[in-house]
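**Q** Got a structure for you, protein01.pdb, holding PDB, C-alpha atoms, pLDDT in the B column.
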ATOM      1  CA  LYS D   1       0.000   0.000   0.000  1.00 40.00           C
ATOM      2  CA  GLY D   2       1.497   3.366  -0.972  1.00 44.00           C
ATOM      3  CA  ASN D   3       5.302   3.148  -0.914  1.00 46.00           C
ATOM      4  CA  ASP D   4       5.260   0.010   1.206  1.00 47.00           C
ATOM      5  CA  ASP D   5       5.049  -3.110  -0.974  1.00 49.00           C
ATOM      6  CA  ARG D   6       5.148  -5.595   1.887  1.00 45.00           C
ATOM      7  CA  PRO D   7       2.050  -7.813   2.301  1.00 42.00           C
ATOM      8  CA  ASP D   8      -0.089  -7.718   5.421  1.00 46.00           C
ATOM      9  CA  LYS D   9       0.627 -10.587   7.799  1.00 42.00           C
ATOM     10  CA  GLN D  10      -2.853 -12.078   7.469  1.00 43.00           C
ATOM     11  CA  ASN D  11      -2.610 -12.142   3.659  1.00 44.00           C
ATOM     12  CA  VAL D  12       0.873 -13.606   3.345  1.00 39.00           C
ATOM     13  CA  ASN D  13      -0.413 -16.895   1.908  1.00 45.00           C
ATOM     14  CA  ASP D  14      -1.921 -14.985  -1.003  1.00 47.00           C
ATOM     15  CA  TYR D  15       1.428 -13.354  -1.734  1.00 39.00           C
ATOM     16  CA  TYR D  16       3.655 -16.368  -1.143  1.00 39.00           C
ATOM     17  CA  PRO D  17       3.708 -17.688  -4.774  1.00 44.00           C
ATOM     18  CA  ARG D  18       4.938 -14.269  -5.932  1.00 40.00           C
ATOM     19  CA  LEU D  19       7.397 -13.914  -3.067  1.00 36.00           C
ATOM     20  CA  HIS D  20       8.768 -17.394  -3.655  1.00 38.00           C
ATOM     21  CA  LYS D  21       9.976 -16.375  -7.127  1.00 38.00           C
ATOM     22  CA  SER D  22      11.295 -12.997  -6.071  1.00 37.00           C
ATOM     23  CA  PHE D  23      14.804 -11.749  -5.404  1.00 35.00           C
ATOM     24  CA  PHE D  24      13.872 -11.289  -1.758  1.00 35.00           C
ATOM     25  CA  VAL D  25      12.973 -14.898  -1.002  1.00 35.00           C
ATOM     26  CA  PHE D  26      15.775 -16.302  -3.156  1.00 34.00           C
ATOM     27  CA  HIS D  27      18.235 -14.573  -0.862  1.00 34.00           C
ATOM     28  CA  PHE D  28      16.244 -15.648   2.171  1.00 33.00           C
ATOM     29  CA  TYR D  29      17.911 -19.033   1.661  1.00 33.00           C
ATOM     30  CA  THR D  30      21.450 -17.844   0.981  1.00 35.00           C
ATOM     31  CA  ALA D  31      21.329 -15.423   3.916  1.00 35.00           C
ATOM     32  CA  LEU D  32      22.138 -18.363   6.161  1.00 35.00           C
ATOM     33  CA  TYR D  33      25.597 -18.698   4.688  1.00 35.00           C
ATOM     34  CA  ARG D  34      26.733 -15.210   3.688  1.00 37.00           C
ATOM     35  CA  ASP D  35      26.806 -11.782   5.272  1.00 36.00           C
ATOM     36  CA  SER D  36      26.067  -9.249   2.548  1.00 35.00           C
ATOM     37  CA  TYR D  37      23.521  -6.747   1.327  1.00 33.00           C
ATOM     38  CA  ILE D  38      20.564  -6.526  -1.037  1.00 35.00           C
ATOM     39  CA  ILE D  39      18.226  -3.775  -2.208  1.00 34.00           C
ATOM     40  CA  LEU D  40      14.587  -4.062  -1.175  1.00 35.00           C
ATOM     41  CA  PRO D  41      11.667  -2.170  -2.800  1.00 39.00           C
ATOM     42  CA  ARG D  42      12.165   0.637  -0.282  1.00 36.00           C
ATOM     43  CA  LYS D  43      15.607   1.271  -1.810  1.00 36.00           C
ATOM     44  CA  LYS D  44      17.405   0.747   1.477  1.00 40.00           C
ATOM     45  CA  TYR D  45      20.445  -1.419   2.095  1.00 40.00           C
ATOM     46  CA  VAL D  46      19.734  -3.954   4.800  1.00 45.00           C
ATOM     47  CA  ASN D  47      21.578  -6.895   6.259  1.00 51.00           C
ATOM     48  CA  ARG D  48      20.465 -10.001   4.398  1.00 51.00           C
ATOM     49  CA  ALA D  49      20.623 -12.256   7.433  1.00 51.00           C
ATOM     50  CA  ALA D  50      18.413  -9.839   9.388  1.00 55.00           C
ATOM     51  CA  VAL D  51      15.933  -9.752   6.517  1.00 54.00           C
ATOM     52  CA  ALA D  52      15.728 -13.532   6.495  1.00 55.00           C
ATOM     53  CA  LYS D  53      15.200 -13.781  10.236  1.00 55.00           C
ATOM     54  CA  ASN D  54      12.523 -11.097  10.330  1.00 57.00           C
ATOM     55  CA  ALA D  55      10.752 -12.504   7.277  1.00 52.00           C
ATOM     56  CA  GLN D  56      10.508 -15.963   8.751  1.00 52.00           C
ATOM     57  CA  LYS D  57       9.274 -14.604  12.081  1.00 52.00           C
ATOM     58  CA  SER D  58       6.829 -11.983  10.791  1.00 50.00           C
ATOM     59  CA  TYR D  59       5.455 -13.654   7.685  1.00 48.00           C
ATOM     60  CA  ASN D  60       5.757 -17.321   8.640  1.00 51.00           C
ATOM     61  CA  ILE D  61       7.743 -18.093   5.501  1.00 54.00           C
ATOM     62  CA  PRO D  62       8.766 -21.766   5.756  1.00 56.00           C
ATOM     63  CA  MET D  63      12.412 -22.748   5.727  1.00 66.00           C
ATOM     64  CA  GLU D  64      13.371 -24.425   2.446  1.00 80.00           C
ATOM     65  CA  LEU D  65      17.044 -25.241   1.988  1.00 87.00           C
ATOM     66  CA  PRO D  66      18.272 -25.708  -1.603  1.00 90.00           C
ATOM     67  CA  GLU D  67      18.209 -29.357  -2.697  1.00 93.00           C
ATOM     68  CA  LYS D  68      21.836 -29.297  -3.866  1.00 93.00           C
ATOM     69  CA  PHE D  69      22.915 -28.033  -0.468  1.00 92.00           C
ATOM     70  CA  LYS D  70      20.908 -30.735   1.319  1.00 93.00           C
ATOM     71  CA  SER D  71      22.357 -33.455  -0.906  1.00 94.00           C
ATOM     72  CA  ARG D  72      25.877 -32.274  -0.241  1.00 94.00           C
ATOM     73  CA  MET D  73      25.366 -32.097   3.525  1.00 94.00           C
ATOM     74  CA  ARG D  74      23.702 -35.530   3.554  1.00 95.00           C
ATOM     75  CA  ALA D  75      26.776 -37.013   1.896  1.00 95.00           C
ATOM     76  CA  LEU D  76      29.150 -35.223   4.277  1.00 94.00           C
ATOM     77  CA  LEU D  77      27.320 -35.857   7.542  1.00 94.00           C
ATOM     78  CA  GLY D  78      25.879 -39.332   7.049  1.00 95.00           C
ATOM     79  CA  ALA D  79      24.051 -40.416  10.210  1.00 94.00           C
ATOM     80  CA  GLU D  80      24.294 -36.892  11.672  1.00 95.00           C
ATOM     81  CA  TYR D  81      22.376 -35.335   8.771  1.00 95.00           C
ATOM     82  CA  GLU D  82      18.921 -35.482  10.405  1.00 94.00           C
ATOM     83  CA  ASP D  83      20.216 -33.768  13.551  1.00 94.00           C
ATOM     84  CA  PHE D  84      21.790 -31.107  11.342  1.00 92.00           C
ATOM     85  CA  LEU D  85      18.503 -30.557   9.510  1.00 91.00           C
ATOM     86  CA  ALA D  86      16.564 -30.344  12.787  1.00 91.00           C
ATOM     87  CA  SER D  87      18.933 -27.634  14.030  1.00 87.00           C
ATOM     88  CA  TYR D  88      17.380 -25.162  11.557  1.00 86.00           C
ATOM     89  CA  GLU D  89      14.145 -25.359  13.545  1.00 87.00           C
ATOM     90  CA  GLN D  90      15.902 -24.289  16.739  1.00 86.00           C
ATOM     91  CA  PRO D  91      16.462 -20.658  17.780  1.00 85.00           C
ATOM     92  CA  SER D  92      19.892 -19.242  16.985  1.00 86.00           C
ATOM     93  CA  LEU D  93      22.322 -18.746  19.854  1.00 91.00           C
ATOM     94  CA  PRO D  94      24.535 -15.674  19.392  1.00 95.00           C
ATOM     95  CA  ALA D  95      27.906 -15.660  21.083  1.00 97.00           C
ATOM     96  CA  LEU D  96      30.972 -13.570  21.731  1.00 98.00           C
ATOM     97  CA  ARG D  97      34.578 -14.364  22.504  1.00 98.00           C
ATOM     98  CA  LYS D  98      36.551 -12.493  25.127  1.00 97.00           C
ATOM     99  CA  ASN D  99      39.844 -10.984  24.036  1.00 97.00           C
ATOM    100  CA  THR D 100      42.437 -12.163  26.548  1.00 97.00           C
ATOM    101  CA  LEU D 101      44.912  -9.589  25.220  1.00 96.00           C
ATOM    102  CA  LYS D 102      42.774  -7.027  27.040  1.00 96.00           C
ATOM    103  CA  THR D 103      40.684  -8.833  29.668  1.00 96.00           C
ATOM    104  CA  ASN D 104      40.072 -12.191  31.329  1.00 95.00           C
ATOM    105  CA  SER D 105      36.421 -11.448  32.086  1.00 96.00           C
ATOM    106  CA  PHE D 106      33.198 -11.940  30.178  1.00 97.00           C
ATOM    107  CA  PRO D 107      30.746  -9.009  30.014  1.00 96.00           C
ATOM    108  CA  PRO D 108      27.584  -9.216  32.200  1.00 95.00           C
ATOM    109  CA  CYS D 109      25.385 -10.086  29.195  1.00 96.00           C
ATOM    110  CA  CYS D 110      26.929 -13.562  28.896  1.00 97.00           C
ATOM    111  CA  THR D 111      24.906 -16.581  29.994  1.00 95.00           C
ATOM    112  CA  GLU D 112      26.912 -19.798  29.522  1.00 96.00           C
ATOM    113  CA  LEU D 113      30.145 -20.945  27.902  1.00 97.00           C
ATOM    114  CA  VAL D 114      30.426 -22.251  24.362  1.00 97.00           C
ATOM    115  CA  PRO D 115      31.282 -25.944  24.942  1.00 96.00           C
ATOM    116  CA  TRP D 116      34.128 -26.144  22.400  1.00 96.00           C
ATOM    117  CA  CYS D 117      35.774 -22.797  23.196  1.00 97.00           C
ATOM    118  CA  ASP D 118      36.861 -21.671  26.659  1.00 95.00           C
ATOM    119  CA  LEU D 119      37.012 -18.059  25.476  1.00 97.00           C
ATOM    120  CA  GLY D 120      33.475 -18.080  24.046  1.00 98.00           C
ATOM    121  CA  ALA D 121      30.117 -17.518  25.707  1.00 98.00           C
ATOM    122  CA  TYR D 122      26.504 -17.142  24.603  1.00 97.00           C
ATOM    123  CA  TYR D 123      24.913 -13.786  25.336  1.00 97.00           C
ATOM    124  CA  GLU D 124      21.617 -11.948  25.629  1.00 95.00           C
ATOM    125  CA  GLY D 125      20.973  -8.350  24.622  1.00 94.00           C
ATOM    126  CA  SER D 126      23.041  -6.173  22.281  1.00 94.00           C
ATOM    127  CA  PRO D 127      26.718  -6.249  23.358  1.00 95.00           C
ATOM    128  CA  GLY D 128      27.760  -4.822  19.991  1.00 94.00           C
ATOM    129  CA  ARG D 129      26.551  -1.423  21.197  1.00 93.00           C
ATOM    130  CA  SER D 130      28.743  -1.464  24.295  1.00 94.00           C
ATOM    131  CA  ILE D 131      31.870   0.621  24.769  1.00 94.00           C
ATOM    132  CA  LEU D 132      33.594  -2.640  25.757  1.00 95.00           C
ATOM    133  CA  HIS D 133      33.048  -3.919  22.242  1.00 96.00           C
ATOM    134  CA  GLU D 134      34.474  -0.737  20.727  1.00 95.00           C
ATOM    135  CA  ALA D 135      37.469  -1.054  23.053  1.00 95.00           C
ATOM    136  CA  GLY D 136      38.155  -4.598  21.837  1.00 96.00           C
ATOM    137  CA  ALA D 137      37.361  -6.394  25.093  1.00 97.00           C
ATOM    138  CA  TYR D 138      35.472  -9.030  23.120  1.00 97.00           C
ATOM    139  CA  TYR D 139      34.637 -10.060  19.571  1.00 97.00           C
ATOM    140  CA  ILE D 140      31.119 -11.049  18.522  1.00 97.00           C
ATOM    141  CA  GLN D 141      31.480 -14.326  16.643  1.00 96.00           C
ATOM    142  CA  GLU D 142      29.372 -17.236  15.433  1.00 93.00           C
ATOM    143  CA  PRO D 143      29.854 -20.110  17.938  1.00 95.00           C
ATOM    144  CA  SER D 144      30.707 -22.609  15.183  1.00 91.00           C
ATOM    145  CA  ALA D 145      33.472 -20.322  13.878  1.00 93.00           C
ATOM    146  CA  MET D 146      35.223 -20.544  17.251  1.00 95.00           C
ATOM    147  CA  ALA D 147      35.897 -24.238  16.646  1.00 94.00           C
ATOM    148  CA  VAL D 148      38.481 -23.514  13.917  1.00 93.00           C
ATOM    149  CA  VAL D 149      41.189 -21.967  16.093  1.00 95.00           C
ATOM    150  CA  THR D 150      40.426 -24.454  18.881  1.00 94.00           C
ATOM    151  CA  ALA D 151      41.096 -27.288  16.432  1.00 94.00           C
ATOM    152  CA  ALA D 152      44.262 -25.596  15.133  1.00 95.00           C
ATOM    153  CA  ASN D 153      45.764 -25.899  18.641  1.00 94.00           C
ATOM    154  CA  ILE D 154      48.152 -22.979  18.190  1.00 95.00           C
ATOM    155  CA  LYS D 155      51.198 -22.993  20.464  1.00 95.00           C
ATOM    156  CA  THR D 156      52.985 -19.959  21.895  1.00 95.00           C
ATOM    157  CA  GLY D 157      55.729 -18.783  19.552  1.00 95.00           C
ATOM    158  CA  GLU D 158      54.426 -20.484  16.411  1.00 96.00           C
ATOM    159  CA  LYS D 159      54.169 -18.606  13.120  1.00 96.00           C
ATOM    160  CA  MET D 160      50.648 -18.584  11.746  1.00 96.00           C
ATOM    161  CA  LEU D 161      48.903 -17.607   8.512  1.00 97.00           C
ATOM    162  CA  ASP D 162      45.160 -16.946   8.340  1.00 96.00           C
ATOM    163  CA  LEU D 163      44.686 -17.195   4.582  1.00 95.00           C
ATOM    164  CA  CYS D 164      41.050 -16.006   4.372  1.00 93.00           C
ATOM    165  CA  ALA D 165      40.995 -13.731   7.370  1.00 94.00           C
ATOM    166  CA  ALA D 166      38.320 -11.029   6.961  1.00 93.00           C
ATOM    167  CA  PRO D 167      36.565  -9.787   8.946  1.00 93.00           C
ATOM    168  CA  GLY D 168      39.034 -11.010  11.575  1.00 95.00           C
ATOM    169  CA  GLY D 169      37.272 -13.428  13.918  1.00 95.00           C
ATOM    170  CA  LYS D 170      39.774 -16.256  13.600  1.00 96.00           C
ATOM    171  CA  SER D 171      42.839 -14.006  13.494  1.00 97.00           C
ATOM    172  CA  THR D 172      41.812 -12.159  16.650  1.00 97.00           C
ATOM    173  CA  HIS D 173      41.101 -15.531  18.274  1.00 97.00           C
ATOM    174  CA  ALA D 174      44.492 -16.927  17.247  1.00 97.00           C
ATOM    175  CA  ALA D 175      46.268 -13.865  18.649  1.00 97.00           C
ATOM    176  CA  CYS D 176      45.100 -14.856  22.134  1.00 96.00           C
ATOM    177  CA  PHE D 177      47.501 -17.836  21.979  1.00 96.00           C
ATOM    178  CA  SER D 178      50.579 -15.631  21.448  1.00 95.00           C
ATOM    179  CA  PRO D 179      51.983 -16.681  18.070  1.00 95.00           C
ATOM    180  CA  SER D 180      55.364 -15.085  17.377  1.00 95.00           C
ATOM    181  CA  LEU D 181      53.984 -13.836  14.039  1.00 95.00           C
ATOM    182  CA  LEU D 182      50.436 -13.691  12.735  1.00 96.00           C
ATOM    183  CA  VAL D 183      49.845 -12.941   9.050  1.00 96.00           C
ATOM    184  CA  ALA D 184      46.183 -12.147   8.367  1.00 96.00           C
ATOM    185  CA  ASN D 185      45.454 -12.187   4.640  1.00 95.00           C
ATOM    186  CA  GLU D 186      42.332 -11.124   2.756  1.00 94.00           C
ATOM    187  CA  ILE D 187      42.162 -11.161  -1.030  1.00 92.00           C
ATOM    188  CA  VAL D 188      39.305  -8.620  -1.306  1.00 92.00           C
ATOM    189  CA  PRO D 189      40.702  -5.088  -0.769  1.00 92.00           C
ATOM    190  CA  SER D 190      37.609  -3.594   0.901  1.00 92.00           C
ATOM    191  CA  ARG D 191      37.377  -6.514   3.322  1.00 92.00           C
ATOM    192  CA  ALA D 192      41.086  -6.232   4.083  1.00 93.00           C
ATOM    193  CA  VAL D 193      40.382  -2.731   5.404  1.00 94.00           C
ATOM    194  CA  THR D 194      37.770  -4.094   7.816  1.00 94.00           C
ATOM    195  CA  LEU D 195      40.197  -6.828   8.831  1.00 95.00           C
ATOM    196  CA  GLY D 196      42.849  -4.250   9.680  1.00 95.00           C
ATOM    197  CA  GLN D 197      40.379  -2.254  11.745  1.00 96.00           C
ATOM    198  CA  ASN D 198      39.432  -5.288  13.827  1.00 96.00           C
ATOM    199  CA  ILE D 199      43.076  -6.260  14.343  1.00 96.00           C
ATOM    200  CA  GLU D 200      43.762  -2.753  15.617  1.00 96.00           C
ATOM    201  CA  ARG D 201      40.621  -2.658  17.787  1.00 96.00           C
ATOM    202  CA  CYS D 202      41.668  -5.861  19.523  1.00 96.00           C
ATOM    203  CA  GLY D 203      45.139  -4.526  20.288  1.00 95.00           C
ATOM    204  CA  ILE D 204      47.128  -7.125  18.343  1.00 95.00           C
ATOM    205  CA  HIS D 205      50.786  -6.169  17.850  1.00 90.00           C
ATOM    206  CA  ASP D 206      52.666  -9.035  16.178  1.00 89.00           C
ATOM    207  CA  CYS D 207      50.420  -9.121  13.150  1.00 95.00           C
ATOM    208  CA  VAL D 208      50.781  -8.265   9.454  1.00 94.00           C
ATOM    209  CA  VAL D 209      47.622  -7.658   7.405  1.00 96.00           C
ATOM    210  CA  THR D 210      48.076  -8.530   3.733  1.00 95.00           C
ATOM    211  CA  ASN D 211      45.897  -8.237   0.629  1.00 95.00           C
ATOM    212  CA  ALA D 212      47.292 -10.914  -1.684  1.00 94.00           C
ATOM    213  CA  SER D 213      46.417 -14.081  -3.560  1.00 93.00           C
ATOM    214  CA  PRO D 214      47.346 -17.468  -2.046  1.00 91.00           C
ATOM    215  CA  ALA D 215      49.666 -18.082  -5.013  1.00 93.00           C
ATOM    216  CA  LEU D 216      51.652 -14.924  -4.288  1.00 94.00           C
ATOM    217  CA  LEU D 217      51.926 -15.750  -0.584  1.00 94.00           C
ATOM    218  CA  ALA D 218      53.085 -19.288  -1.383  1.00 93.00           C
ATOM    219  CA  ASP D 219      55.710 -17.924  -3.742  1.00 94.00           C
ATOM    220  CA  LYS D 220      57.090 -15.431  -1.226  1.00 92.00           C
ATOM    221  CA  TRP D 221      56.730 -17.397   2.027  1.00 92.00           C
ATOM    222  CA  GLY D 222      57.045 -21.037   0.978  1.00 90.00           C
ATOM    223  CA  GLU D 223      56.842 -23.372   3.998  1.00 92.00           C
ATOM    224  CA  PHE D 224      57.557 -20.634   6.507  1.00 95.00           C
ATOM    225  CA  PHE D 225      54.455 -21.050   8.705  1.00 96.00           C
ATOM    226  CA  ASP D 226      53.799 -23.585  11.452  1.00 96.00           C
ATOM    227  CA  VAL D 227      50.018 -23.238  11.195  1.00 96.00           C
ATOM    228  CA  VAL D 228      47.843 -22.231   8.225  1.00 96.00           C
ATOM    229  CA  ILE D 229      44.099 -21.646   8.546  1.00 94.00           C
ATOM    230  CA  ALA D 230      42.025 -21.470   5.351  1.00 92.00           C
ATOM    231  CA  ASP D 231      38.326 -20.927   6.044  1.00 85.00           C
ATOM    232  CA  VAL D 232      37.576 -20.351   2.358  1.00 80.00           C
ATOM    233  CA  PRO D 233      33.843 -19.428   2.574  1.00 74.00           C
ATOM    234  CA  CYS D 234      34.827 -16.474   4.796  1.00 66.00           C
ATOM    235  CA  SER D 235      36.588 -14.796   1.879  1.00 59.00           C
ATOM    236  CA  GLY D 236      35.457 -13.370  -1.431  1.00 52.00           C
TER
END
Can you dump the structure from the file as structure tokens?
**A**
Amino acid sequence: KGNDDRPDKQNVNDYYPRLHKSFFVFHFYTALYRDSYIILPRKKYVNRAAVAKNAQKSYNIPMELPEKFKSRMRALLGAEYEDFLASYEQPSLPALRKNTLKTNSFPPCCTELVPWCDLGAYYEGSPGRSILHEAGAYYIQEPSAMAVVTAANIKTGEKMLDLCAAPGGKSTHAACFSPSLLVANEIVPSRAVTLGQNIERCGIHDCVVTNASPALLADKWGEFFDVVIADVPCSG
């Protein structure tokens, strides 16, 4: 109605066939895996993940994962596939990770620890608006992403390369284990800027932020590093 093209809640079923074919609902699916932006009819840039969450809650749009994605995950997970699928029906649990370069305490908003990461905790509220966040006391991070550095088992004094580092979650996590050198690389220039800002915000000193291709880094560094992390979907 007017400049607002969104359907009324009670009439969403009438609009669903049109929505299902639209740009909006197509990205409702991919919002689960990428953090980026789209243009809605109101001509505003909005976070795609937020759009997906609000759409499902407000308009009761059912969750439909792409068939190719489901087939791939079924092959990868085997007997655990059904549990994985059921997890999409559960509420999301946001988390943050304390930055031990600046503090050993969790902020008051935290509720319980993330089981696979001693530095991580689930939270309630909006800790991203806190001055503690701006000061680098903690980093808001997806709980599953915290498992990467835990699995890497970085030792003090090791040399580490984070190959696909932006926006900086894994690099800032790795820095808490005191590597002698941390190289945080991001191939997309604009994302490398954000990476550098987060490295600085978290007070990390022994770190080099690079904007290079893996081939160039391999040519210049060879087998220099003790640990290499490559979380490829995190990069462009």
**Q** Determine, counting all atoms listed in the file, which protein, DNA and RNA residues have an atom within 8 Å of an atom of Leu195 of chain D; residues of the same chain fewer than 3 positions away are not included. Present the result as a list in words.
**A**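 The contact residues come out as Ala165, Ala166, Pro167, Gly168, Glu186, Arg191, Ala192, Asn198, Ile199 and Val209 of chain D.
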**Q** So which residues fall inside 10 Å of (30.8, -10.4, 24.5) if we count all atoms listed in the file? Mind giving them as a PDB file with C-alpha atoms, in the coordinates of the input?
**A**
ATOM      1  CA  PRO D  94      24.535 -15.674  19.392  1.00 95.00           C
ATOM      2  CA  ALA D  95      27.906 -15.660  21.083  1.00 97.00           C
ATOM      3  CA  LEU D  96      30.972 -13.570  21.731  1.00 98.00           C
ATOM      4  CA  ARG D  97      34.578 -14.364  22.504  1.00 98.00           C
ATOM      5  CA  LYS D  98      36.551 -12.493  25.127  1.00 97.00           C
ATOM      6  CA  ASN D  99      39.844 -10.984  24.036  1.00 97.00           C
ATOM      7  CA  SER D 105      36.421 -11.448  32.086  1.00 96.00           C
ATOM      8  CA  PHE D 106      33.198 -11.940  30.178  1.00 97.00           C
ATOM      9  CA  PRO D 107      30.746  -9.009  30.014  1.00 96.00           C
ATOM     10  CA  PRO D 108      27.584  -9.216  32.200  1.00 95.00           C
ATOM     11  CA  CYS D 109      25.385 -10.086  29.195  1.00 96.00           C
ATOM     12  CA  CYS D 110      26.929 -13.562  28.896  1.00 97.00           C
ATOM     13  CA  LEU D 119      37.012 -18.059  25.476  1.00 97.00           C
ATOM     14  CA  GLY D 120      33.475 -18.080  24.046  1.00 98.00           C
ATOM     15  CA  ALA D 121      30.117 -17.518  25.707  1.00 98.00           C
ATOM     16  CA  TYR D 122      26.504 -17.142  24.603  1.00 97.00           C
ATOM     17  CA  TYR D 123      24.913 -13.786  25.336  1.00 97.00           C
ATOM     18  CA  GLU D 124      21.617 -11.948  25.629  1.00 95.00           C
ATOM     19  CA  SER D 126      23.041  -6.173  22.281  1.00 94.00           C
ATOM     20  CA  PRO D 127      26.718  -6.249  23.358  1.00 95.00           C
ATOM     21  CA  GLY D 128      27.760  -4.822  19.991  1.00 94.00           C
ATOM     22  CA  SER D 130      28.743  -1.464  24.295  1.00 94.00           C
ATOM     23  CA  LEU D 132      33.594  -2.640  25.757  1.00 95.00           C
ATOM     24  CA  HIS D 133      33.048  -3.919  22.242  1.00 96.00           C
ATOM     25  CA  GLY D 136      38.155  -4.598  21.837  1.00 96.00           C
ATOM     26  CA  ALA D 137      37.361  -6.394  25.093  1.00 97.00           C
ATOM     27  CA  TYR D 138      35.472  -9.030  23.120  1.00 97.00           C
ATOM     28  CA  TYR D 139      34.637 -10.060  19.571  1.00 97.00           C
ATOM     29  CA  ILE D 140      31.119 -11.049  18.522  1.00 97.00           C
ATOM     30  CA  GLN D 141      31.480 -14.326  16.643  1.00 96.00           C
TER      31      GLN D 141
END
**Q** Between atom CA of Thr210 of chain D and atom CA of Val188 of chain D, what is the spacing in Å?
**A**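 We find that atom CA of Val188 of chain D and atom CA of Thr210 of chain D lie 10.1 Å from each other.
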**Q** Quick one: of D:Val208, D:Cys117, D:Ala75, D:Ile131, who's nearest to His173 of chain D, counting all atoms listed in the file?
**A**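 Closest residue, counting all atoms listed in the file: D:Cys117.
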**Q** Evaluate the PyMOL selection byres ((chain D and resi 212) around 9) against this structure - the residues, as a PyMOL selection string, please.
**A** chain D and resi 185-189+210-211+213-217
**Q** List the spatial neighbours of Glu223 of chain D as an NGL selection string - criterion: any atom at most 12 Å away, only C-alpha atoms, same-chain residues fewer than 6 positions off excluded.
**A** :D and (159-161 or 217)
**Q** What is the distance between atom CA of Gly169 of chain D and atom CA of Leu113 of chain D, in Å to one decimal?
**A** 17.4 Å
**Q** Which is closest to Ala230 of chain D among D:Ala145, D:Leu163, D:Leu77, D:Leu101, if we use all atoms listed in the file?
**A**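 Comparing D:Ala145, D:Leu163, D:Leu77, D:Leu101 against Ala230 of chain D, the winner is D:Leu163.
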**Q** Quick one: pull the distance between atom CA of Phe177 of chain D and atom CA of Lys155 of chain D, Å, one decimal.
**A**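 Calculated distance between atom CA of Phe177 of chain D and atom CA of Lys155 of chain D is 6.5 Å.
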**Q** Between D:Ser144, D:Asp231, D:Ala135, D:Lys68, which residue has the minimum interatomic distance to Pro115 of chain D, considering only C-alpha atoms?
**A** D:Ser144
**Q** Of the candidates D:Val148, D:Val227, D:Ala175, D:Met73, which shows the shortest atom-to-atom distance to Gly203 of chain D, using all atoms listed in the file?
**A** D:Ala175
**Q** Under the rule that only C-alpha atoms are counted, which of D:Phe224, D:Leu76, D:Glu89, D:Lys102 is the nearest residue to Glu64 of chain D?
**A**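 With only C-alpha atoms as the atom set, the closest residue is D:Glu89.
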**Q** Using only C-alpha atoms, which of D:Ile204, D:Leu85, D:Val193, D:Leu181 sits nearest Thr100 of chain D?
**A**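 When distances to Thr100 of chain D are compared using only C-alpha atoms, the smallest one comes from D:Ile204.
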**Q** Translate the PyMOL selection byres ((chain D and resi 154) around 8) into a concrete residue list for this structure, as a list in words.
**A**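 So the PyMOL selection byres ((chain D and resi 154) around 8) ends up selecting Val149, Thr150, Ala152, Asn153, Lys155, Thr156, Glu158, Ala174, Phe177, Pro179 and Val227 of chain D.
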**Q** Please report, as lines of an AutoDock Vina configuration file, the centre and edge lengths in Å to one decimal of an axis-aligned box covering all listed atoms of segment 91-96 of chain D with 3 Å per side.
**A**
center_x = 23.7
center_y = -17.1
center_z = 19.4
size_x = 20.5
size_y = 13.1
size_z = 10.7
